[in-house]
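Novice: The structure is given below, and queries will be raised subsequently.
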Amino acid sequence: MEIQSSRFAARTTPDGEPILLLEQNRALWDQLLIRRGLAALDRAQRLNVLGPYVLQAAIAACHAKAHAAEETDWPQIAELYAQLAAVAPSPIVQLNRAVAVAMASGAAAGLENH
C-alpha cells in the first residue's frame with residue numbers, strides 16, 4: 001500500500017484529471033513511502049510465500065524502482081502477472097499481463113498472451 005500511495009501526488013492534474021502511470025512526473029513520487037514499501041516487500045518475500053498481495057506489491061515495486069517510464073522492467077512485470085494469474089486468476093490480471101507482455105515484446109506478443 002505504501003508503494004501505491006507514494007504516487008498519490010502524481011496521479012491527477014490540478015483539475016483532477018487522471019494521469020496515466022507512464023506519464024506521471026516521478027519526481028513527485030514520495031521516496032519515503034517507496035523505501036518503506038520496498039522494505040516491507042523484502043520482509044514478505046523472505047517468508048517465501050508468494051501470495052497475491054506480495055505479487056501485487058512486487059509489480060508495484062518494479063514501477064517504483066524505475067526512475068523513468070522507459071526503465072520499467074516489463075519482462076519482470078509480465079512474469080509477476082503470470083505468477084499472480086496462477087494464484088489469483090481474473091480477467092483483469094490476464095489483461096494486465098497481456099499489456100506487460102506487449103510493453104516487453106511488442107503488441108503482437110501481447111495479443112498472443114491474452
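Please note that chains go A, B, ... in the order of the C-alpha cells, that every chain numbers its residues from 1, and that ligands are numbered from 1 in the order shown.
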Write down as a PyMOL selection string the residues belonging to chain A that are assigned alpha helix (DSSP H) by DSSP computed on the backbone.
Specialist: chain A and resi 2-5+31-45+52-65+74-87+91-105+107-112
Novice: Within 10 Å of range 91-108 of chain A, counting only C-alpha atoms, which residues qualify if same-chain residues fewer than 6 places away don't, as a short mmCIF file (atom, residue, chain, number, x, y, z; two decimals) with C-alpha atoms, in the first residue's frame?
Specialist:
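Wrote it out as out_26.cif, contents follow:
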data_model
loop_
_atom_site.label_atom_id
_atom_site.label_comp_id
_atom_site.auth_asym_id
_atom_site.auth_seq_id
_atom_site.Cartn_x
_atom_site.Cartn_y
_atom_site.Cartn_z
CA GLU A 70 11.28 3.67 -20.19
CA THR A 72 10.43 -0.16 -16.32
CA ASP A 73 11.28 -3.87 -16.17
CA TRP A 74 8.36 -5.06 -18.29
CA PRO A 75 9.61 -8.67 -18.67
CA GLN A 76 9.71 -8.96 -14.87
CA ILE A 77 6.24 -7.43 -14.57
CA ALA A 78 4.89 -9.89 -17.16
CA GLU A 79 6.40 -12.79 -15.20
CA LEU A 80 4.92 -11.50 -11.95
CA TYR A 81 1.49 -11.21 -13.59
CA ALA A 82 1.85 -14.81 -14.81
CA GLN A 83 2.53 -15.88 -11.22
CA LEU A 84 -0.39 -13.78 -10.00
CA ALA A 85 -2.67 -15.41 -12.59
CA HIS A 114 -4.25 -12.55 -23.74
#
Novice: Could you name the residues that touch range 13-30 of chain A at 12 Å or less, counting only C-alpha atoms, but leaving out those on the same chain fewer than 3 positions away, as a ChimeraX atom specification?
Specialist: /A:2-10,33-37,60,63-72,103
Novice: Find the distance between CA of Val54 in chain A and CA of Asp42 in chain A and write it in Å to one decimal.
Specialist: 9.5 Å
Novice: Please report the interatomic distance between CA of Gln31 in chain A and CA of Arg11 in chain A in Å with one decimal.
Specialist: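 Interatomic distance, CA of Gln31 in chain A to CA of Arg11 in chain A: 15.1 Å.
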